[in-house]
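*Asks:* One structure is given below, represented as structure tokens, and several questions about it will come after.
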Amino acid sequence: MRRLFPVTDQTAARTPDGGAAAPEVRETDEVREWSLDEIADAYAYPDPGPGEPTPWLRANMVSTLDGAAQHDGRSQPISNATDMRIFGTLRGLADVVLVGAETVRREGYRPARARAEFARRREAAGQAPVPAIAIVSAGLDLDFSLPLFTSPLVPTLILTGAAAAPDRIATAEKAGARVVIAGDGVGVEPVRAVQALAGLGHTRLLTEGGPRLLGQLVAAEVLDELCLTVSPLLTAGDAQRIAGGPSVAVPHRFSLVSLLEEDGFLYSRYRRV
């Protein structure tokens with residue numbers, strides 16, 4: 001993997017007089033496998049400012065060149081090994097992973113696992129050994145016999161609305177999940193979800209979608225950062241984009257923070273302006 005942006009002495013070609021030349025791939029460019037520590041440093045959350053920590057919500061998604069976020073209903077076919085290393089690293093940095101119920105069902109979500117590579121970093125940050133999984137679900141239509149509920153290292157959270165069916169809430173709590181109310185109606189309000197997670201001490205937030213949930217977060221203007229892998233594949237078809245739902249009235253502007261490349265895959269990181 002190599003860094004394309006921001007430009008450094010390693011990424012910028014030079015002219016004979018020492019000036020910057022047009023970017024090009026050179027034999028001296030450093031193309032190698034990065035360690036997990038290097039990836040973690042490249043994707044570190046912003047340093048908390050003075051006073052109470054402010055929640056920071058980042059999304060991690062993958063898309064093909066023609067905008068497909070999935071193939072055959074899953075993201076794995078358009079990913080690669082390095083994308084999965086970044087995926088694992090982003091989880092290793094997060095307090096909580098926010099995900100939609102449909103994505104949990106489609107992707108076969110499992111609880112986060114403790115990894116020795118991140119243990120010291122998480123302990124120094126005052127974090128639990130693993131991030132909690134927080135599922136956004138209006139109907140709580142979930143299989144509570146799955147490992148996500150029966151064997152997590154930290155309790156799985158379910159975010160729902162105040163009007164959710166009491167019997168489903170009771171079933172979820174009996175299964176060991178912690179139900180968090182984040183909306184006055186049946187569904188979850190994104191602003192309330194972020195506030196509720198921050199109230200539990202989770203300020204390093206990561207969402208892995210799916211597209212409908214990400215669209216809701218974008219529309220509510222609570223997304224601070226997008227980590228997007230652009231896969232050098234074309235799928236055609238009618239697959240979802242990374243964010244779905246109604247369009248926003250005015251497009252939200254994000255700025256490029258970093259861009260990495262390996263084997264034609266681009267690993268970008270954007271922050272809200």
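By order of appearance in the structure tokens: chains A, B, ..., then residues from 1 within every chain, and ligands from 1 in the order shown.
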Among stretch 37-131 of chain A, which ones does DSSP assign to strand (DSSP E or B) (computed from the backbone)? Answer as a PyMOL selection string.
*Replies:* chain A and resi 56-64+71+74+96-100
*Asks:* May I have the residues from that selection written out with N, CA and C atoms, as a PDB file, in the first residue's frame?
*Replies:*
ATOM      1  N   TRP A  56     -17.736  11.418  17.767  1.00  0.00           N
ATOM      2  CA  TRP A  56     -17.271  11.521  16.382  1.00  0.00           C
ATOM      3  C   TRP A  56     -17.744  10.276  15.650  1.00  0.00           C
ATOM      4  N   LEU A  57     -18.597  10.468  14.649  1.00  0.00           N
ATOM      5  CA  LEU A  57     -19.186   9.354  13.915  1.00  0.00           C
ATOM      6  C   LEU A  57     -18.541   9.244  12.540  1.00  0.00           C
ATOM      7  N   ARG A  58     -17.914   8.099  12.297  1.00  0.00           N
ATOM      8  CA  ARG A  58     -17.352   7.817  10.984  1.00  0.00           C
ATOM      9  C   ARG A  58     -18.070   6.617  10.385  1.00  0.00           C
ATOM     10  N   ALA A  59     -18.129   6.605   9.059  1.00  0.00           N
ATOM     11  CA  ALA A  59     -18.698   5.470   8.335  1.00  0.00           C
ATOM     12  C   ALA A  59     -17.589   4.776   7.567  1.00  0.00           C
ATOM     13  N   ASN A  60     -17.692   3.483   7.444  1.00  0.00           N
ATOM     14  CA  ASN A  60     -16.759   2.708   6.641  1.00  0.00           C
ATOM     15  C   ASN A  60     -17.568   1.913   5.626  1.00  0.00           C
ATOM     16  N   MET A  61     -17.345   2.214   4.340  1.00  0.00           N
ATOM     17  CA  MET A  61     -18.116   1.582   3.276  1.00  0.00           C
ATOM     18  C   MET A  61     -17.194   1.240   2.103  1.00  0.00           C
ATOM     19  N   VAL A  62     -17.688   0.370   1.225  1.00  0.00           N
ATOM     20  CA  VAL A  62     -16.963   0.010   0.011  1.00  0.00           C
ATOM     21  C   VAL A  62     -17.902   0.162  -1.164  1.00  0.00           C
ATOM     22  N   SER A  63     -17.359   0.594  -2.298  1.00  0.00           N
ATOM     23  CA  SER A  63     -18.168   0.816  -3.493  1.00  0.00           C
ATOM     24  C   SER A  63     -17.374   0.423  -4.723  1.00  0.00           C
ATOM     25  N   THR A  64     -18.059  -0.096  -5.739  1.00  0.00           N
ATOM     26  CA  THR A  64     -17.419  -0.368  -7.018  1.00  0.00           C
ATOM     27  C   THR A  64     -17.284   0.935  -7.811  1.00  0.00           C
ATOM     28  N   HIS A  71     -22.775  -6.808  -3.930  1.00  0.00           N
ATOM     29  CA  HIS A  71     -22.975  -7.709  -5.063  1.00  0.00           C
ATOM     30  C   HIS A  71     -23.649  -8.958  -4.522  1.00  0.00           C
ATOM     31  N   ARG A  74     -24.383  -8.603  -0.726  1.00  0.00           N
ATOM     32  CA  ARG A  74     -23.338  -8.562   0.299  1.00  0.00           C
ATOM     33  C   ARG A  74     -22.180  -7.710  -0.191  1.00  0.00           C
ATOM     34  N   VAL A  96     -17.858   1.753  19.662  1.00  0.00           N
ATOM     35  CA  VAL A  96     -19.091   1.058  19.313  1.00  0.00           C
ATOM     36  C   VAL A  96     -19.244   1.037  17.802  1.00  0.00           C
ATOM     37  N   VAL A  97     -19.826  -0.040  17.291  1.00  0.00           N
ATOM     38  CA  VAL A  97     -20.107  -0.182  15.863  1.00  0.00           C
ATOM     39  C   VAL A  97     -21.618  -0.111  15.668  1.00  0.00           C
ATOM     40  N   LEU A  98     -22.070   0.892  14.942  1.00  0.00           N
ATOM     41  CA  LEU A  98     -23.486   1.135  14.708  1.00  0.00           C
ATOM     42  C   LEU A  98     -23.873   0.509  13.371  1.00  0.00           C
ATOM     43  N   VAL A  99     -24.907  -0.347  13.384  1.00  0.00           N
ATOM     44  CA  VAL A  99     -25.253  -1.069  12.174  1.00  0.00           C
ATOM     45  C   VAL A  99     -26.763  -1.278  12.114  1.00  0.00           C
ATOM     46  N   GLY A 100     -27.303  -1.291  10.896  1.00  0.00           N
ATOM     47  CA  GLY A 100     -28.728  -1.509  10.715  1.00  0.00           C
ATOM     48  C   GLY A 100     -29.106  -2.974  10.849  1.00  0.00           C
TER      49      GLY A 100
END
*Asks:* Could you pull the residues within 9 Å of A:Arg32, counting only C-alpha atoms, minus those fewer than 2 positions along the same chain, as number ranges by chain?
*Replies:* A: 1-2, 30, 34, 262
*Asks:* Please report, as CSV, each residue of stretch 187-252 of chain A lying at most 12 Å from stretch 106-123 of chain A, together with the nearest pair of atoms and the separation in Å rounded to one decimal; use only C-alpha atoms, and order rows by chain and ascending residue number.
*Replies:*
residue,atom,partner,partner_atom,distance
A:Arg204,CA,A:Arg122,CA,11.5
A:Glu208,CA,A:Glu107,CA,10.9
A:Gly209,CA,A:Glu107,CA,10.9
A:Gly210,CA,A:Arg106,CA,9.7
*Asks:* Export N, CA and C atoms of the chosen residues as a PDB file, in the first residue's frame?
*Replies:*
ATOM      1  N   ARG A 204     -16.271   7.389  20.272  1.00  0.00           N
ATOM      2  CA  ARG A 204     -15.604   7.005  19.016  1.00  0.00           C
ATOM      3  C   ARG A 204     -16.561   6.051  18.303  1.00  0.00           C
ATOM      4  N   GLU A 208     -21.122   0.861   9.932  1.00  0.00           N
ATOM      5  CA  GLU A 208     -20.820   0.043   8.757  1.00  0.00           C
ATOM      6  C   GLU A 208     -22.060  -0.120   7.874  1.00  0.00           C
ATOM      7  N   GLY A 209     -23.007   0.816   8.044  1.00  0.00           N
ATOM      8  CA  GLY A 209     -24.210   0.793   7.222  1.00  0.00           C
ATOM      9  C   GLY A 209     -25.283  -0.109   7.795  1.00  0.00           C
ATOM     10  N   GLY A 210     -26.145  -0.610   6.961  1.00  0.00           N
ATOM     11  CA  GLY A 210     -26.077  -0.523   5.521  1.00  0.00           C
ATOM     12  C   GLY A 210     -26.510   0.807   4.943  1.00  0.00           C
TER      13      GLY A 210
END
*Asks:* Write out as number ranges by chain the set of residues from stretch 64-246 of chain A that DSSP, computed on the backbone, places in helix (DSSP H, G or I).
*Replies:* A: 76-78, 81-93, 101-107, 116-124, 147-150, 166-174, 190-199, 211-219
*Asks:* Could you build a table of the residues in stretch 167-236 of chain A lying no more than 10 Å from stretch 42-47 of chain A, giving for each the nearest pair of atoms and their separation in Å rounded to one decimal place, using only C-alpha atoms, ordered by chain and ascending residue number, as CSV?
*Replies:*
residue,atom,partner,partner_atom,distance
A:Thr203,CA,A:Tyr45,CA,9.9
A:Arg204,CA,A:Tyr45,CA,7.1
A:Leu205,CA,A:Tyr45,CA,9.4
A:Glu225,CA,A:Tyr45,CA,9.9
A:Cys227,CA,A:Tyr43,CA,8.9
*Asks:* Choose the residue, out of A:Ala40, A:Leu256, A:Leu217, A:Ala132, that has the smallest atom-to-atom separation from A:Arg178; count only C-alpha atoms.
*Replies:*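 Once distances to A:Arg178 are computed over only C-alpha atoms, the minimum belongs to A:Ala132.
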*Asks:* With a distance cut-off of 12 Å and only C-alpha atoms, select the neighbouring residues of A:Ile39, excluding the residue or stretch itself and same-chain residues fewer than 2 positions from it, and output the selection as a count of residues only.
*Replies:* 29
*Asks:* Near A:Phe149, counting only C-alpha atoms, which residues have an atom at most 7 Å away, once you skip same-chain residues fewer than 4 positions from it, shown as an NGL selection string?
*Replies:* :A and (144-145 or 156 or 175-177)
*Asks:* For the residues in the current selection, export N, CA, C and O atoms as a PDB file, in the first residue's frame.
*Replies:*
ATOM      1  N   PHE A 144     -32.275 -13.899  18.278  1.00  0.00           N
ATOM      2  CA  PHE A 144     -31.543 -13.740  19.531  1.00  0.00           C
ATOM      3  C   PHE A 144     -30.778 -15.001  19.946  1.00  0.00           C
ATOM      4  O   PHE A 144     -30.157 -15.017  21.005  1.00  0.00           O
ATOM      5  N   SER A 145     -30.807 -16.031  19.096  1.00  0.00           N
ATOM      6  CA  SER A 145     -29.993 -17.215  19.375  1.00  0.00           C
ATOM      7  C   SER A 145     -28.604 -17.119  18.746  1.00  0.00           C
ATOM      8  O   SER A 145     -27.760 -17.994  18.954  1.00  0.00           O
ATOM      9  N   THR A 156     -24.359  -6.625  23.543  1.00  0.00           N
ATOM     10  CA  THR A 156     -24.842  -6.006  22.315  1.00  0.00           C
ATOM     11  C   THR A 156     -25.942  -5.003  22.652  1.00  0.00           C
ATOM     12  O   THR A 156     -26.794  -5.263  23.504  1.00  0.00           O
ATOM     13  N   ALA A 175     -32.456 -12.018  26.298  1.00  0.00           N
ATOM     14  CA  ALA A 175     -31.347 -12.621  25.555  1.00  0.00           C
ATOM     15  C   ALA A 175     -29.999 -12.013  25.929  1.00  0.00           C
ATOM     16  O   ALA A 175     -28.956 -12.488  25.462  1.00  0.00           O
ATOM     17  N   GLY A 176     -30.010 -10.956  26.746  1.00  0.00           N
ATOM     18  CA  GLY A 176     -28.760 -10.341  27.184  1.00  0.00           C
ATOM     19  C   GLY A 176     -28.420  -9.033  26.516  1.00  0.00           C
ATOM     20  O   GLY A 176     -27.402  -8.413  26.841  1.00  0.00           O
ATOM     21  N   ALA A 177     -29.253  -8.593  25.561  1.00  0.00           N
ATOM     22  CA  ALA A 177     -28.998  -7.322  24.891  1.00  0.00           C
ATOM     23  C   ALA A 177     -29.416  -6.162  25.784  1.00  0.00           C
ATOM     24  O   ALA A 177     -30.292  -6.301  26.639  1.00  0.00           O
TER      25      ALA A 177
END
